[in-house]
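Peer 1: If you scroll down you'll find the structure; I have some questions about it.
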Amino acid sequence: MAIQNMWRCTCCVLLATICVANAKKWSTSTFVPSHVERQQIHQRSRPTAAKALLLPSTYTGSSSGDCHVILSATSSPTNQGSKTHSSSKPRKRTVKNNNSKIVEVIEDQASLVERLQTIPLGKLTRDDKRDMLTLMRQLSSMNRRRDDSFSTNSLRQRRQDATMVEQLLDRLLRERQHMTDAHNHEEEVIALNLAIKAWYNANVKGSADKAQKLLKRLTEVTTAENTKKQRQKDSQLQHRHQPDLYSYAYCYAAWYREAVFAEKNVGNTKASSAAMRKAESVLESMKDALMVPTDTTLDLVEDMNSLLVIWSNDVNLPDLAEKFLRFVHKESSNSGDQWVNTRSYNLVINAWAKSQRRESFNRAHALLHEMERSTRVEPDLLSYSGVISCIAKSKSSNDAKKAEVVLRELDKHNVVPDNVIYNQVINIHSKSGARGSAERCEKLLTVMHGLANDGNDKVTPDVRTYNLVLSAWANEKGPKEAEEVLQRLESHKSINPNSISYITCMDAYARVGDAHNNLRVLSMMEKSFKKGNKNAKPTRRAYTSALNALARSGRGDAGARAEALVNTMEKLYKAGDTDMKPDTTVYNILINCHKSSATRAEKVLYKMGKRDVVSYTTVINAYSTQGGENAAKRAQSLLDEMQNDDVEPNAQTFNGAITAWSRSGSSAAAKKADGLLKKMEDLQIEPSAKVYTSVISAWSKSHEPGAALRAEILLKVMHAMYKKGNHSMKPNCFTFTAVITAWARSGEKDAGERAEKLLDGMIKLYEVGKDDDVKPNVFTLTAVVDAYARAGGRDAATKASNVVRKVDPLIKPSYATYNCLMKAWSNSQQQGAARMAENILRKLEDEYQKGNKHMQPTMITYSSCINAWAKSTDQGKAKRAQAVLVRMKQMYESGVIDSMPNTVAYTAVINSCATTYGDQLEKEEAFKIAYSTFKELSESKHASPNHVTYSTFMRAISKLMPEGEKKDALVSSTFRLCIRDGLVDYNSLFHMKQAASQQLCSELLGGIDCNEAKDITIDDLPYSWTSKVEQTSRRKRKHTK
């Protein structure tokens, strides 16, 4: 008995060894066996083991994530690695050397084909034929076709492989002329099938025609062989040789793909229709050959499903798989054979889910309804789950409603649900973030609890269910509601929160920049793990969420707190937790936390190991935010450094450096930014509209001659590139506004007209194409008005006013627009300009009193109006200017404006008096206003005279007062006050000399001779007299001299 048991064990071990050997042999190919080869397998002594190892038809329904997944056996073509099928893979062969010793030599596939071609006819050994078929299987394998790109190298390689298979086929066929046994004929059938498959997988021009010819050749060969056997009454006639399901299917698919390519990629509908007719003719041939009533029932479900597995993994072939399934199901019903089952339909539904096409749900749902109505196949849980997967990937607004409709259909067809399919529906609700989606998730959770209590244990909610509900609250409402679900999960009796539960809640706080609560949830996570919840282990992903929260928080200590978190991660990694090793992403977020301190961000950059383009770009952006010439130089240096570090910059990197220069205030900023743009083009980095806009902004801030013209040229380049099809170069409102601003700052005489022309172009683009991207906004309008205001001219204010009226109601002017318009009227010399400016002021006051808080007048508004009166030539302008000042004080007292009139406002009123022309009566009235205004300013607690005030008042005395003692007394007292305040400048000295008598002038200047007093300059005066004069005034004085 012991010997017998030992013998049985030995046989079992031997049998297992043989099975493993065969498994390894077949695993080197992704070949899907044909019907002929299946017959050979069944005839072997190990049918069960071989079939399990060879056929890609052993599938099990399983669940993973939020949908049911159909898993294939390891021998499935879709699961084989592509590395073992490289065209240059070496092969071992045993040969005899010169000393008649057997040695191993290594040859690649090309060498093998070349050697086999040189062997004389009739001299192929069984090993040679085996090598040929093995190589044909490898070259025809689908895994060699994973790269479906249409690059020249890929197309050439695929055609080369298929051609090599056909060469091997021709060699076998020529060998058959010298061989007549049945075994060689079976090899011929297998080789022809492999050649058809090779051309199908080649997917190059002419593939379908090649496959068609090979199929025809296979049909002729098998027909002749079967006729010969029938005449001989061969005992093996029951094993008729004929093209099987795979032969026809590969040929059909080749024509179908050619039809789709001709229509979608080439646009040749005629060629597409011709190819589709040939594909349908192949199906008809298959029906005539295989779908005929016979005495025996063939079970071809495995073959059918093997094909559907291949096509379902190609996102471009769901319609092919569906059409083939429908045809086979319809035509096979007449033959009595079993060709399709529930899993066949599930595979096609799965193919539609993977394709993510717009029509995926409708096509999959139609297949599901067909199963529900059919008497031969019935839907199962995987069928409904596949349809819901189509819904989840469609991203439509009513996805959740569709998913619930499908979920309710389960009960109608007695399909028992589980928690996976409920999780799918909850996940769709959760991701939608629509109003009421979170409450709907809660209701579905309640339904799951109810079904579980009724005895369906499969539908019991798990931690993933709660995580999805938590995510739903986070997406719709916010982090507080999400944390309430987390607390429910923590107090649950049978379910513990896992790391995803905590991270989802942390992410919700991170999205709103709430770093405090984000870190608090991280602390809760750490405590839960320490208490024994192994599933709540803090991961690198959790720390990344905390870093993101700090980066978005805007906290002053964000950088320091982030540093502490990264240090903790480094300590945990050194302690043995490999998952906690900070990677490039972690350090990039840390750099972002230091965005307010570019220097500190740069230190982190040099601390991290591997730096990528995001690392450098983030630091460069930090310097661009900082501003200043030194920051711009450092950003430029980092850009140069990263290229030396073999890190390729992108458009965002260059944009950061360009922005740094545009904000630097450097005189060379525009040229530097323009140089970087040219460098991008040299490096073949396609600049975006944002990059061009940054360069235009740099030119708009430049004071160089021709800066505005250069900015407009760049705009025209962008528009030309956009019209040629480069949509990333589309100019938008910000781009146009930057160019208009450049013209406004240029100071050129035609700046207003150039700016208005650009505005008209924007309006035309918007009205023709209804393109909101180029719709001008209030900033655009303000820039045009500012261009007219700065350019000046007698009619500039009128043109600016016309622009404001022209764009109404498309653009409503803002407070800034009205300020620029007042400035335009103030700078113009038109009759009635001051009244127009005051009308604008009154309009602002009225709008504000009606409740428009955006139209609140400010000190600048009132000062602009007073300046308009000061520059006007109207009679009574001094009184009108004083009236505006009085109204300004009243508005302050009533709370309309935030501050009392300042020195500028008072000085503007005095200036309106000093520039008054008219009869003596008007001059006297103007002087009284000037005197009272100067006195009020001198006695004010909120403002005091400056050097401009003194010089303006001196000018008023000189022009408005008659000669005499009163004039000398006022000049003396005023100039002495000016000396006391240290505010004597060139203008005040000049107007004092004009107003004072020669004796008074001599006295005020220290008693020097009257003739010498006329030659005294500001540089001859004591420093104490001029010490408080602003530096701008000193520079102006030197320039004047």
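Letters for chains follow the order of the structure tokens (A, B, ...), residue numbers begin at 1 for each chain, and ligand numbers begin at 1 in the order shown.
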From range 332-437 of chain A, collect each residue whose DSSP state is helix (DSSP H, G or I) and return the set as a CSV table (one decimal) with C-alpha atoms, in the first residue's frame.
Peer 2:
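What landed in out28.csv:
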chain,number,residue,atom,x,y,z
A,332,SER,CA,-26.8,31.0,-34.0
A,342,THR,CA,-24.8,36.3,-19.9
A,343,ARG,CA,-21.1,36.9,-19.7
A,344,SER,CA,-20.9,37.7,-23.4
A,345,TYR,CA,-23.4,40.5,-22.9
A,346,ASN,CA,-21.6,41.7,-19.8
A,347,LEU,CA,-18.3,41.9,-21.7
A,348,VAL,CA,-19.9,44.2,-24.3
A,349,ILE,CA,-21.5,46.3,-21.7
A,350,ASN,CA,-18.1,46.6,-20.0
A,351,ALA,CA,-16.6,47.6,-23.4
A,352,TRP,CA,-19.1,50.5,-23.6
A,353,ALA,CA,-18.2,51.5,-20.0
A,354,LYS,CA,-14.5,51.7,-20.8
A,355,SER,CA,-15.0,53.7,-24.0
A,360,SER,CA,-22.2,54.5,-23.9
A,361,PHE,CA,-25.1,54.5,-21.4
A,362,ASN,CA,-27.8,54.3,-24.1
A,363,ARG,CA,-26.1,51.4,-25.9
A,364,ALA,CA,-25.3,49.5,-22.7
A,365,HIS,CA,-28.8,50.0,-21.4
A,366,ALA,CA,-30.3,48.7,-24.6
A,367,LEU,CA,-28.2,45.6,-24.2
A,368,LEU,CA,-29.5,45.2,-20.7
A,369,HIS,CA,-33.1,45.5,-21.8
A,370,GLU,CA,-32.4,42.9,-24.5
A,371,MET,CA,-31.2,40.5,-21.9
A,372,GLU,CA,-34.2,41.1,-19.8
A,373,ARG,CA,-36.5,40.3,-22.7
A,381,LEU,CA,-25.7,41.6,-11.0
A,382,LEU,CA,-22.6,42.3,-13.2
A,383,SER,CA,-24.9,43.3,-16.0
A,384,TYR,CA,-26.6,46.1,-14.0
A,385,SER,CA,-23.3,47.1,-12.4
A,386,GLY,CA,-21.8,47.5,-15.9
A,387,VAL,CA,-24.6,49.8,-17.0
A,388,ILE,CA,-24.1,51.9,-13.9
A,389,SER,CA,-20.4,52.1,-14.7
A,390,CYS,CA,-21.4,53.7,-18.0
A,391,ILE,CA,-23.4,56.2,-16.2
A,392,ALA,CA,-20.6,57.0,-13.8
A,399,ASP,CA,-26.5,60.7,-14.0
A,400,ALA,CA,-27.7,60.1,-10.4
A,401,LYS,CA,-31.3,59.7,-11.5
A,402,LYS,CA,-30.4,57.3,-14.3
A,403,ALA,CA,-28.3,55.2,-11.8
A,404,GLU,CA,-31.2,54.9,-9.4
A,405,VAL,CA,-33.6,53.8,-12.2
A,406,VAL,CA,-31.2,51.0,-13.1
A,407,LEU,CA,-30.9,50.1,-9.4
A,408,ARG,CA,-34.7,49.8,-9.1
A,409,GLU,CA,-34.7,47.4,-12.1
A,410,LEU,CA,-32.9,44.8,-10.1
A,411,ASP,CA,-36.0,44.1,-8.0
A,412,LYS,CA,-38.2,43.7,-11.0
A,419,ASN,CA,-23.2,46.8,-1.3
A,420,VAL,CA,-20.9,47.3,-4.3
A,421,ILE,CA,-23.7,48.3,-6.6
A,422,TYR,CA,-25.2,50.5,-4.0
A,423,ASN,CA,-21.8,52.1,-3.5
A,424,GLN,CA,-21.7,52.8,-7.2
A,425,VAL,CA,-24.9,54.8,-7.1
A,426,ILE,CA,-23.9,56.6,-3.9
A,427,ASN,CA,-20.5,57.4,-5.6
A,428,ILE,CA,-22.4,59.0,-8.5
A,429,HIS,CA,-24.4,61.1,-6.2
A,430,SER,CA,-21.3,62.0,-4.2
A,431,LYS,CA,-19.3,63.2,-7.2
A,432,SER,CA,-22.1,65.3,-8.6
A,437,SER,CA,-27.1,64.8,-3.4
Peer 1: Tell me, as a PyMOL selection string, which residues lie within 12 Å of Leu921 in chain A, counting only C-alpha atoms; anything in the same chain fewer than 6 positions away does not count.
Peer 2: chain A and resi 875-876+927-928+960-962
Peer 1: Kindly save the residues from that selection, with N, CA and C atoms included, as a compact mmCIF listing (two decimals), in the first residue's frame.
Peer 2:
# COMPACT_ATOMS: atom_id res chain seq x y z
N GLN A 875 -15.50 133.06 -15.68
CA GLN A 875 -15.62 134.04 -14.61
C GLN A 875 -16.23 133.38 -13.38
N GLY A 876 -15.80 133.88 -12.22
CA GLY A 876 -16.34 133.35 -10.97
C GLY A 876 -15.81 132.00 -10.60
N PHE A 927 -9.20 137.33 -4.18
CA PHE A 927 -8.19 137.41 -3.14
C PHE A 927 -8.77 137.08 -1.77
N LYS A 928 -9.98 137.56 -1.53
CA LYS A 928 -10.61 137.25 -0.25
C LYS A 928 -10.75 135.73 -0.07
N LEU A 960 -3.25 139.63 -7.39
CA LEU A 960 -4.59 140.11 -7.01
C LEU A 960 -4.57 141.38 -6.14
N MET A 961 -3.50 141.62 -5.37
CA MET A 961 -3.47 142.77 -4.46
C MET A 961 -2.82 143.99 -5.13
N PRO A 962 -3.37 145.14 -4.86
CA PRO A 962 -2.72 146.35 -5.37
C PRO A 962 -1.48 146.67 -4.56
Peer 1: Can you work out the spacing between CA of Arg611 in chain A and CA of Lys672 in chain A in Å, to one decimal?
Peer 2: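 Interatomic distance here is 25.6 Å.
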Peer 1: For Ile495 in chain A, work out the shell of residues within 9 Å, counting only C-alpha atoms and skipping chain neighbours fewer than 5 positions away, then give it as a list in words.
Peer 2: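 In the requested form, the answer reads Asp462, Val463, Leu489 and Glu490 of chain A.
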Peer 1: May I have the selected residues written with N, CA and C atoms, as a PDB file, in the first residue's frame?
Peer 2:
ATOM      1  N   ASP A 462     -20.457  49.089   4.251  1.00  0.00           N
ATOM      2  CA  ASP A 462     -19.097  48.937   4.746  1.00  0.00           C
ATOM      3  C   ASP A 462     -18.457  50.327   4.899  1.00  0.00           C
ATOM      4  N   VAL A 463     -17.193  50.346   5.229  1.00  0.00           N
ATOM      5  CA  VAL A 463     -16.522  51.626   5.461  1.00  0.00           C
ATOM      6  C   VAL A 463     -16.478  52.456   4.186  1.00  0.00           C
ATOM      7  N   LEU A 489     -19.030  57.536  12.177  1.00  0.00           N
ATOM      8  CA  LEU A 489     -18.248  56.348  11.842  1.00  0.00           C
ATOM      9  C   LEU A 489     -17.338  55.953  12.996  1.00  0.00           C
ATOM     10  N   GLU A 490     -16.791  56.932  13.695  1.00  0.00           N
ATOM     11  CA  GLU A 490     -15.927  56.628  14.848  1.00  0.00           C
ATOM     12  C   GLU A 490     -16.705  55.952  15.982  1.00  0.00           C
TER      13      GLU A 490
END
Peer 1: Quick one: everything within 10 Å of Glu753 in chain A, counting only C-alpha atoms, minus sequence neighbours fewer than 3 positions away in the same chain. Send it as a ChimeraX atom specification.
Peer 2: /A:743,749-750,756-759,784,787-788,791,796,799-800
Peer 1: Can you pull out every residue within 10 Å of Met888 in chain A, counting only C-alpha atoms, but drop anything in the same chain fewer than 4 positions away, and send it as a ChimeraX atom specification?
Peer 2: /A:857-859,861-863,882-884,892-894,896-897,899-901,905
Peer 1: Restricting the calculation to only C-alpha atoms: of A:Gly436, A:Ser746, A:Pro497, A:Pro809, which residue gets closest to Asp786 in chain A?
Peer 2: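 Among A:Gly436, A:Ser746, A:Pro497, A:Pro809, it is A:Ser746 that comes nearest to Asp786 in chain A.
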Peer 1: Between CA of Leu841 in chain A and CA of Asp760 in chain A, what is the spacing in Å?
Peer 2: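 One can read the CA of Asp760 in chain A to CA of Leu841 in chain A distance as 27.4 Å.
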